[in-house]
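Single-structure report; data block below.
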Amino acid sequence: MTGSRALWTLLWLPWLLQGTGSGGAGVNFRFASYIGDHMVLQKEPAGAVVWGYGEIGGIVIVSLHQAQETLMKKIAYVKEQSGTWIVVLDPMKPGGPYNMTAEHIIKKESYSQTVHDVLFGDVWLCSGQSNMEMSVSQIFNASEEQAKAFAYPFIRILTVGLVKAKEELEDLTSVDLPWALPTPKNLGHGNFTYYSAVCWLFGRYLYDTLKYPIGLVSSSWAGTPIEAWSSWRSLQACGVPKEEKQIPLLSDPTHPPSGPTEHSILWNSMIHPLLNMTLKGVVWYQGENNAYYNTDLYNCTFPALIEDWRQAFHYGSQGQTQRLFPFGFVQLSTTMSKDEDYGFPRIRWHQTADLGSVPNVRMPNTFMAVAMDLCDRDSPFGSIHPRDKQTVAYRLHLGARAVAYGEKMLPFQGPLPETLVLLVDKELLKLEYHQKIQVQKQDDKIYEISCCSDHQCQWIPALMGNSSSKTLFLRVDSCHGTVTALRYAWTTWPCEYKQCPIYNPGSALPAPPFITVI
């Protein structure tokens, strides 16, 4: 705001304030739909963005109060094109509660609205499809997990309503669960509603470490491909073809009804309206619906979505949300598929931009939870919806602590081989891992080599041999041609529950799947 306009406002304010009312009856004046009682706003070093609607030509004064004390005031003008106003609060230390009042002054009249019990802390957005949408009532030990709700009054939760739109919306048109303190009832509202188990448990593990307020915003829809959550910009950047073929649906009687699949239809309605929000980061669990749809574009569409969301949230929040904010995700788990060609192994690989682990050059400031060893054959919601979301969220929060919060010595990735040496005379392949490995069991099928002779290659098992703290030998004597490549855990269901062969001994994190040329 220019100096002269600020001076004009201060000189005229006493006169403008003579006619005062409250509420906004008859006047289009309100906060944005996700700004309400019990909310969490992003703490320092960022400034939280607060916005809403007003009458064109008016001004809005936003003030923050604690007890009887006014801590700050910010003035905004209602924009002519959009009828919106926006302010950036001064960076605040974590804590609260505060009350926040917006006062709208127009033509000698004054209207005000107050939001109560506002905390400052870290705000995380959780998005994706059904495995993110699965609620706390659907997971193992559900009633026990729900009962813990009352111990966490400084975690606040919000769920965005299921809405689709052909054009980008400015504000949410539906909120399923407005900002609330967690209770057993709103954590376990119903199947695939609220509250997201992965989101809640991730926030709870973070709170146990950080000990200051956490705001969780859940915006997910079951049975949706990444294209629905992507802007036209990022789809264009990846050369995604226009929608022609219908996306095959995952056939399972216990599946939630499939969500919308049209390109950008949820970006428009469930992400774009949140862009003004100052965020700490995002966590994402999606990919099952791309196992048969644009599967081999996922190594572009996923990194492109991350980059596009980062640009859009940074710009929408007036530069307050970090340009490269931390982005965490869950690598696909498992499903009982009869189809050997099912795209799960390829999607898992593409989720890392074909580099095997994150963060990496194509996906900076990201973190990943491996979940392929958390299978659940007997899940009442179908094997594609495993009920152990506690381990998923725990692994995810380790990544957040390391990447988003800078805990340098905290292990958050499982072991990957650094070098491969083919010992031809001994008919062995030597794998040198970048960290210590624990060989939990011998598995005769999980490592496979590409064996080539007469210009024909096929994948055959390589038996596990001797190992030491960072080294594993594979037997390649079954190949009577040339060994050209190696892959690990390259199936939809690589191992039984927590029974993959390779883990990190200290952190119990599983080795992720990989494929590599020798």
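Chain identifiers are assigned as A, B, and so on, following the order in which chains appear in the structure tokens; residues are numbered from 1 within each chain, and ligands are numbered from 1 in order of appearance.
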
* Asked: Using the chain letters and numbers from this document, which residues of region 133-234 of chain A does DSSP assign to strand (DSSP E), as a list in words?
  ->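 Filtering region 133-234 of chain A to strand (DSSP E) leaves Ile155, Arg156, Ile157, Leu158, Thr159, Val160, Val175, Asp176, Leu177, Pro178, Trp179, Ala180, Ile214, Gly215, Leu216, Val217, Ser218, Ser219 and Ser220 of chain A.
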
Writer output for current selection, C-alpha atoms, as an mmCIF file, in the first residue's frame:
data_model
loop_
_atom_site.group_PDB
_atom_site.id
_atom_site.type_symbol
_atom_site.label_atom_id
_atom_site.label_comp_id
_atom_site.auth_asym_id
_atom_site.auth_seq_id
_atom_site.Cartn_x
_atom_site.Cartn_y
_atom_site.Cartn_z
ATOM 1 C CA ILE A 155 -4.075 -30.585 16.084
ATOM 2 C CA ARG A 156 -6.936 -29.140 14.045
ATOM 3 C CA ILE A 157 -8.548 -30.855 11.058
ATOM 4 C CA LEU A 158 -10.515 -29.793 7.966
ATOM 5 C CA THR A 159 -11.887 -31.866 5.071
ATOM 6 C CA VAL A 160 -12.673 -30.352 1.669
ATOM 7 C CA VAL A 175 -16.378 -28.104 3.096
ATOM 8 C CA ASP A 176 -17.298 -31.546 4.516
ATOM 9 C CA LEU A 177 -15.679 -30.972 7.909
ATOM 10 C CA PRO A 178 -14.988 -27.327 8.837
ATOM 11 C CA TRP A 179 -11.992 -26.710 11.127
ATOM 12 C CA ALA A 180 -12.469 -28.811 14.249
ATOM 13 C CA ILE A 214 -0.542 -28.665 13.479
ATOM 14 C CA GLY A 215 -3.292 -27.880 10.965
ATOM 15 C CA LEU A 216 -4.340 -30.680 8.604
ATOM 16 C CA VAL A 217 -6.322 -30.009 5.429
ATOM 17 C CA SER A 218 -7.588 -33.140 3.656
ATOM 18 C CA SER A 219 -8.608 -32.854 -0.006
ATOM 19 C CA SER A 220 -8.911 -36.337 -1.562
#

Could you write out, as a PyMOL selection string, all the residues of region 388-464 of chain A that DSSP marks as helix (DSSP H, G or I)?
chain A and resi 389-403+424-426

May I have the residues from that selection written out with N, CA, C and O atoms, as an mmCIF file, in the first residue's frame?
data_model
loop_
_atom_site.group_PDB
_atom_site.id
_atom_site.type_symbol
_atom_site.label_atom_id
_atom_site.label_comp_id
_atom_site.auth_asym_id
_atom_site.auth_seq_id
_atom_site.Cartn_x
_atom_site.Cartn_y
_atom_site.Cartn_z
ATOM 1 N N LYS A 389 -2.297 -48.210 8.368
ATOM 2 C CA LYS A 389 -1.934 -46.852 7.964
ATOM 3 C C LYS A 389 -0.981 -46.220 8.989
ATOM 4 O O LYS A 389 -0.381 -45.186 8.738
ATOM 5 N N GLN A 390 -0.859 -46.872 10.161
ATOM 6 C CA GLN A 390 0.067 -46.360 11.181
ATOM 7 C C GLN A 390 1.509 -46.404 10.672
ATOM 8 O O GLN A 390 2.250 -45.421 10.795
ATOM 9 N N THR A 391 1.923 -47.552 10.106
ATOM 10 C CA THR A 391 3.302 -47.673 9.617
ATOM 11 C C THR A 391 3.542 -46.734 8.440
ATOM 12 O O THR A 391 4.602 -46.119 8.323
ATOM 13 N N VAL A 392 2.532 -46.621 7.558
ATOM 14 C CA VAL A 392 2.628 -45.694 6.419
ATOM 15 C C VAL A 392 2.914 -44.280 6.924
ATOM 16 O O VAL A 392 3.857 -43.607 6.489
ATOM 17 N N ALA A 393 2.085 -43.826 7.866
ATOM 18 C CA ALA A 393 2.213 -42.459 8.378
ATOM 19 C C ALA A 393 3.510 -42.277 9.161
ATOM 20 O O ALA A 393 4.134 -41.217 9.111
ATOM 21 N N TYR A 394 3.928 -43.332 9.881
ATOM 22 C CA TYR A 394 5.173 -43.237 10.641
ATOM 23 C C TYR A 394 6.365 -43.057 9.700
ATOM 24 O O TYR A 394 7.225 -42.196 9.906
ATOM 25 N N ARG A 395 6.413 -43.874 8.638
ATOM 26 C CA ARG A 395 7.502 -43.740 7.661
ATOM 27 C C ARG A 395 7.458 -42.379 6.977
ATOM 28 O O ARG A 395 8.502 -41.771 6.718
ATOM 29 N N LEU A 396 6.245 -41.911 6.708
ATOM 30 C CA LEU A 396 6.089 -40.603 6.066
ATOM 31 C C LEU A 396 6.597 -39.486 6.982
ATOM 32 O O LEU A 396 7.288 -38.566 6.542
ATOM 33 N N HIS A 397 6.284 -39.592 8.273
ATOM 34 C CA HIS A 397 6.702 -38.523 9.188
ATOM 35 C C HIS A 397 8.224 -38.522 9.391
ATOM 36 O O HIS A 397 8.813 -37.472 9.638
ATOM 37 N N LEU A 398 8.871 -39.702 9.248
ATOM 38 C CA LEU A 398 10.347 -39.723 9.310
ATOM 39 C C LEU A 398 10.921 -38.888 8.165
ATOM 40 O O LEU A 398 11.861 -38.114 8.349
ATOM 41 N N GLY A 399 10.334 -39.047 6.971
ATOM 42 C CA GLY A 399 10.766 -38.263 5.818
ATOM 43 C C GLY A 399 10.562 -36.776 6.044
ATOM 44 O O GLY A 399 11.430 -35.948 5.708
ATOM 45 N N ALA A 400 9.427 -36.420 6.637
ATOM 46 C CA ALA A 400 9.153 -35.001 6.919
ATOM 47 C C ALA A 400 10.165 -34.446 7.917
ATOM 48 O O ALA A 400 10.688 -33.343 7.737
ATOM 49 N N ARG A 401 10.452 -35.226 8.950
ATOM 50 C CA ARG A 401 11.417 -34.739 9.947
ATOM 51 C C ARG A 401 12.783 -34.508 9.322
ATOM 52 O O ARG A 401 13.466 -33.532 9.630
ATOM 53 N N ALA A 402 13.192 -35.416 8.426
ATOM 54 C CA ALA A 402 14.508 -35.282 7.791
ATOM 55 C C ALA A 402 14.529 -34.160 6.754
ATOM 56 O O ALA A 402 15.425 -33.321 6.745
ATOM 57 N N VAL A 403 13.510 -34.137 5.872
ATOM 58 C CA VAL A 403 13.534 -33.218 4.724
ATOM 59 C C VAL A 403 12.920 -31.860 5.069
ATOM 60 O O VAL A 403 13.505 -30.813 4.774
ATOM 61 N N VAL A 424 32.265 -62.495 -13.231
ATOM 62 C CA VAL A 424 31.925 -63.508 -14.238
ATOM 63 C C VAL A 424 32.485 -64.879 -13.868
ATOM 64 O O VAL A 424 31.783 -65.892 -13.939
ATOM 65 N N ASP A 425 33.757 -64.906 -13.424
ATOM 66 C CA ASP A 425 34.394 -66.190 -13.122
ATOM 67 C C ASP A 425 33.671 -66.937 -12.000
ATOM 68 O O ASP A 425 33.612 -68.159 -11.976
ATOM 69 N N LYS A 426 33.091 -66.158 -11.049
ATOM 70 C CA LYS A 426 32.422 -66.805 -9.914
ATOM 71 C C LYS A 426 30.917 -66.958 -10.137
ATOM 72 O O LYS A 426 30.206 -67.459 -9.275
#

Of A:Pro184, A:Pro213, A:Pro303, A:Gly52, the one nearest to Phe120 (chain A) when counting only C-alpha atoms is A:Pro213

Note to self: Can you pull out the residues contacting Leu509 (chain A)? Cut-off 12 Å, using only C-alpha atoms, and skip same-chain residues under 4 positions away; I want them as a PyMOL selection string.
What the structure shows: chain A and resi 368-374+391-392+394-396+398-399+410-416+435-438+440+498-505

I need the chosen residues saved as a CSV table (one decimal), in the first residue's frame, with C-alpha atoms.
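again09.csv was written with the following content:
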chain,number,residue,atom,x,y,z
A,368,MET,CA,8.7,-41.0,0.3
A,369,ALA,CA,7.2,-43.8,2.5
A,370,VAL,CA,7.7,-47.3,1.0
A,371,ALA,CA,4.5,-49.4,1.5
A,372,MET,CA,5.0,-52.5,-0.7
A,373,ASP,CA,5.6,-54.6,2.4
A,374,LEU,CA,2.4,-53.6,4.2
A,391,THR,CA,3.3,-47.7,9.6
A,392,VAL,CA,2.6,-45.7,6.4
A,394,TYR,CA,5.2,-43.2,10.6
A,395,ARG,CA,7.5,-43.7,7.7
A,396,LEU,CA,6.1,-40.6,6.1
A,398,LEU,CA,10.3,-39.7,9.3
A,399,GLY,CA,10.8,-38.3,5.8
A,410,LEU,CA,17.5,-39.3,11.0
A,411,PRO,CA,17.3,-42.3,8.6
A,412,PHE,CA,14.2,-42.0,6.4
A,413,GLN,CA,15.1,-44.1,3.4
A,414,GLY,CA,15.6,-47.9,3.0
A,415,PRO,CA,18.8,-49.3,1.5
A,416,LEU,CA,19.5,-49.0,-2.3
A,435,GLN,CA,23.8,-48.1,4.0
A,436,LYS,CA,23.7,-51.2,6.3
A,437,ILE,CA,21.4,-54.0,5.3
A,438,GLN,CA,19.7,-56.6,7.3
A,440,GLN,CA,15.6,-60.7,7.0
A,498,LYS,CA,6.8,-56.7,6.8
A,499,GLN,CA,8.6,-59.8,5.3
A,500,CYS,CA,10.6,-58.3,2.4
A,501,PRO,CA,14.2,-59.7,2.4
A,502,ILE,CA,16.1,-56.4,2.8
A,503,TYR,CA,15.6,-53.8,5.5
A,504,ASN,CA,17.8,-51.2,7.3
A,505,PRO,CA,18.7,-52.8,10.6

Identify, on the basis of only C-alpha atoms, every residue whose closest approach to Gln81 (chain A) does not exceed 12 Å; exclude the query and any residue fewer than 4 positions from it along the same chain; express the result as number ranges by chain. A: 53-57, 77, 85

Name the residues in contact with Leu64 (chain A) at a cut-off of 10 Å, using only C-alpha atoms, excluding same-chain residues fewer than 5 positions from it; report them as a CSV table (one decimal) with N, CA and C atoms, in the first residue's frame.
chain,number,residue,atom,x,y,z
A,69,GLU,N,-6.0,-7.6,24.2
A,69,GLU,CA,-4.9,-6.8,23.5
A,69,GLU,C,-5.0,-7.1,22.0
A,70,THR,N,-4.8,-6.0,21.2
A,70,THR,CA,-4.8,-6.1,19.8
A,70,THR,C,-3.3,-6.2,19.4
A,71,LEU,N,-2.9,-7.3,18.7
A,71,LEU,CA,-1.5,-7.6,18.4
A,71,LEU,C,-1.1,-7.0,17.0
A,72,MET,N,-2.0,-6.9,16.1
A,72,MET,CA,-1.7,-6.3,14.8
A,72,MET,C,-2.9,-5.9,14.0
A,73,LYS,N,-2.8,-5.0,13.1
A,73,LYS,CA,-3.9,-4.6,12.2
A,73,LYS,C,-3.3,-4.6,10.8
A,74,LYS,N,-4.1,-5.1,9.8
A,74,LYS,CA,-3.7,-5.0,8.4
A,74,LYS,C,-4.9,-4.5,7.6
A,89,LEU,N,-0.5,-11.6,7.2
A,89,LEU,CA,-0.2,-11.2,8.6
A,89,LEU,C,1.3,-11.3,8.9
A,98,TYR,N,-5.9,-17.2,19.5
A,98,TYR,CA,-6.2,-15.8,19.2
A,98,TYR,C,-7.6,-15.7,18.6
A,99,ASN,N,-8.1,-14.5,18.6
A,99,ASN,CA,-9.3,-14.2,17.8
A,99,ASN,C,-8.9,-13.3,16.7
A,100,MET,N,-9.5,-13.4,15.5
A,100,MET,CA,-9.2,-12.6,14.4
A,100,MET,C,-10.5,-11.9,13.8
A,101,THR,N,-10.4,-10.6,13.7
A,101,THR,CA,-11.6,-9.9,13.3
A,101,THR,C,-11.3,-9.2,12.0
A,102,ALA,N,-12.3,-9.3,11.0
A,102,ALA,CA,-12.2,-8.5,9.8
A,102,ALA,C,-13.3,-7.5,9.9
A,114,THR,N,-15.8,-12.2,13.2
A,114,THR,CA,-14.7,-12.6,14.0
A,114,THR,C,-14.6,-14.1,13.9
A,115,VAL,N,-13.3,-14.6,13.8
A,115,VAL,CA,-13.0,-16.0,13.9
A,115,VAL,C,-12.3,-16.3,15.2
A,118,VAL,N,-8.1,-19.3,17.1
A,118,VAL,CA,-7.1,-19.5,16.0
A,118,VAL,C,-5.8,-19.8,16.6

**Report entry** Residue contacts of region 256-265 of chain A (8 Å, only C-alpha atoms) excluding same-chain residues fewer than 5 positions away, as an NGL selection string
**Finding:** :A and (130 or 164-167 or 192 or 221-225 or 227-232 or 243 or 247 or 249)

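Considering only C-alpha atoms, the residue among A:Asp378, A:Asp477, A:Glu109, A:Glu133 positioned nearest to Glu427 (chain A) is A:Asp477.
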
**Prompt:** From the list A:Pro153, A:Pro345, A:Pro273, A:Gly319, which residue is nearest Asp171 (chain A) when using only C-alpha atoms?
**Reply:**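 Selected residue with least distance to Asp171 (chain A): A:Pro273.
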
I'd like the contact shell of region 39-51 of chain A - 6 Å cut-off, only C-alpha atoms, skipping same-chain residues fewer than 6 positions apart - returned as a ChimeraX atom specification. /A:32,85-94,118-123,179,215,277-278,320

From the list A:His104, A:Arg387, A:Arg362, A:His38, the nearest residue to Val78 (chain A) using only C-alpha atoms is A:His104
